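The structure appears below as structure tokens.
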Amino acid sequence: MGVSATLRTTVIDVEPGREATCDVTITNTGGIVDLFTVEVIGEAAAWTLAQGPDERPEISLMPGQAGTVTLRFMPPRSADGPFGEVPFAVRVFSQGDPLGSDVEEGTVRVGAFSEVTTELS
């Protein structure tokens with residue numbers, strides 16, 4: 001396998017309309033310089049952004065080198081948005097070894113949406 005991926009934490013708490021982050025440590029376990037692409041899978045993918053050092057969802061690493069990609073979870077502030085525990089997975093693809101991908105799983109706990117309004121009459 002050409003890559004090893006590890007989530008810093010597997011449970012992330014976030015409120016609707018806010019942002020929470022989690023780092024993914026990616027290690028090049030292969031023998032060549034490689035480009036790794038990060039993809040979020042599941043319902044959370046619609047409101048999650050993966051950003052490497054150059055703001056793209058990828059990172060280039062030397063053999064044996066480790067680097068970090070940050071996941072930014074941003075559930076919408078909406079009554080129709082997600083609520084509760086939302087499972088997700090992070091898949092890291094190796095460009096040099098397409099069969100050498102790694103998948104890590106976690107959960108985003110999205111708080112309840114509430115909005116209070118007042119009306120004077």
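A note on labels: chains of the structure tokens are A, B, ... as shown, every chain counts residues from 1, and ligands are counted from 1 in their shown order.
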DSSP on the backbone, strand (DSSP E or B) only: what residues of chain A does that give? Format it as an MDAnalysis selection string. chainID A and resid 3:7 11:14 20:28 34:41 48:51 58:61 66:73 84:94 102:110
Residues near A:Leu7, cut-off 12 Å, only C-alpha atoms, skip fewer than 6 positions along chain, as a VMD selection string: chain A and resid 21 to 27 68 to 71 88 to 92 102 to 107
Which neighbours of A:Glu15 fall inside 8 Å, counting only C-alpha atoms, when residues of the same chain fewer than 2 positions from it are skipped, and could you give them as an mmCIF file with N, CA and C atoms, in the first residue's frame?
data_model
loop_
_atom_site.group_PDB
_atom_site.id
_atom_site.type_symbol
_atom_site.label_atom_id
_atom_site.label_comp_id
_atom_site.auth_asym_id
_atom_site.auth_seq_id
_atom_site.Cartn_x
_atom_site.Cartn_y
_atom_site.Cartn_z
ATOM 1 N N ASP A 13 -17.763 17.747 16.623
ATOM 2 C CA ASP A 13 -18.994 18.445 16.983
ATOM 3 C C ASP A 13 -19.054 19.781 16.256
ATOM 4 N N GLY A 17 -24.470 26.172 10.526
ATOM 5 C CA GLY A 17 -24.032 27.517 10.191
ATOM 6 C C GLY A 17 -22.651 27.861 10.716
ATOM 7 N N ARG A 18 -22.038 26.951 11.448
ATOM 8 C CA ARG A 18 -20.689 27.147 11.981
ATOM 9 C C ARG A 18 -19.728 26.207 11.258
ATOM 10 N N GLU A 19 -18.463 26.261 11.666
ATOM 11 C CA GLU A 19 -17.437 25.414 11.049
ATOM 12 C C GLU A 19 -16.642 24.692 12.129
ATOM 13 N N PRO A 75 -21.952 22.479 8.078
ATOM 14 C CA PRO A 75 -23.365 22.158 7.798
ATOM 15 C C PRO A 75 -24.186 23.434 7.648
ATOM 16 N N VAL A 110 -23.918 16.942 14.520
ATOM 17 C CA VAL A 110 -24.453 18.253 14.159
ATOM 18 C C VAL A 110 -25.524 18.630 15.170
ATOM 19 N N GLY A 111 -25.350 19.803 15.783
ATOM 20 C CA GLY A 111 -26.317 20.286 16.770
ATOM 21 C C GLY A 111 -27.659 20.622 16.139
ATOM 22 N N ALA A 112 -28.649 20.816 16.984
ATOM 23 C CA ALA A 112 -30.005 21.138 16.512
ATOM 24 C C ALA A 112 -30.056 22.571 16.002
ATOM 25 N N PHE A 113 -30.824 22.774 14.967
ATOM 26 C CA PHE A 113 -31.048 24.113 14.434
ATOM 27 C C PHE A 113 -32.181 24.756 15.220
#
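A straight line drawn from atom CA of A:Gly96 to atom CA of A:Val38 is 14.3 Å long.
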When you look at stretch 56-58 of chain A with a cut-off of 8 Å (counting only C-alpha atoms), what residues show up, excluding the ones that are within fewer than 4 positions of it in the same chain? I need them as a PyMOL selection string. chain A and resi 35-39+49-52+69
Identify, with DSSP run on backbone atoms, the residues in chain A assigned to helix (DSSP H, G or I), and express the list as a ChimeraX atom specification. /A:43-47
Grab the residues selected above and save them as a tab-separated table (two decimals), in the first residue's frame with all heavy atoms.
chain	number	residue	atom	x	y	z
A	43	GLU	N	-23.05	11.63	3.42
A	43	GLU	CA	-23.92	12.81	3.44
A	43	GLU	C	-23.12	14.09	3.74
A	43	GLU	O	-23.41	15.16	3.20
A	43	GLU	CB	-25.01	12.63	4.50
A	43	GLU	CG	-25.95	13.79	4.61
A	43	GLU	CD	-26.97	13.63	5.75
A	43	GLU	OE1	-27.17	12.50	6.23
A	43	GLU	OE2	-27.54	14.65	6.15
A	44	ALA	N	-22.10	13.99	4.57
A	44	ALA	CA	-21.30	15.15	4.95
A	44	ALA	C	-20.48	15.72	3.79
A	44	ALA	O	-20.03	16.87	3.86
A	44	ALA	CB	-20.37	14.80	6.11
A	45	ALA	N	-20.31	14.96	2.72
A	45	ALA	CA	-19.51	15.43	1.59
A	45	ALA	C	-20.07	16.71	0.98
A	45	ALA	O	-19.31	17.55	0.50
A	45	ALA	CB	-19.42	14.34	0.52
A	46	ALA	N	-21.39	16.90	1.03
A	46	ALA	CA	-22.02	18.08	0.43
A	46	ALA	C	-21.63	19.37	1.15
A	46	ALA	O	-21.68	20.44	0.55
A	46	ALA	CB	-23.54	17.91	0.43
A	47	TRP	N	-21.24	19.27	2.41
A	47	TRP	CA	-20.90	20.49	3.17
A	47	TRP	C	-19.55	20.38	3.88
A	47	TRP	O	-19.30	21.00	4.91
A	47	TRP	CB	-22.01	20.86	4.16
A	47	TRP	CG	-22.72	19.71	4.81
A	47	TRP	CD1	-23.86	19.09	4.37
A	47	TRP	CD2	-22.35	19.03	6.02
A	47	TRP	NE1	-24.20	18.07	5.23
A	47	TRP	CE2	-23.30	18.02	6.26
A	47	TRP	CE3	-21.30	19.17	6.94
A	47	TRP	CZ2	-23.24	17.16	7.36
A	47	TRP	CZ3	-21.25	18.32	8.03
A	47	TRP	CH2	-22.21	17.34	8.23
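Of the listed residues (A:Arg8, A:Pro16, A:Glu119, A:Asp54), A:Pro16 comes nearest to A:Arg77; the distances count only C-alpha atoms.
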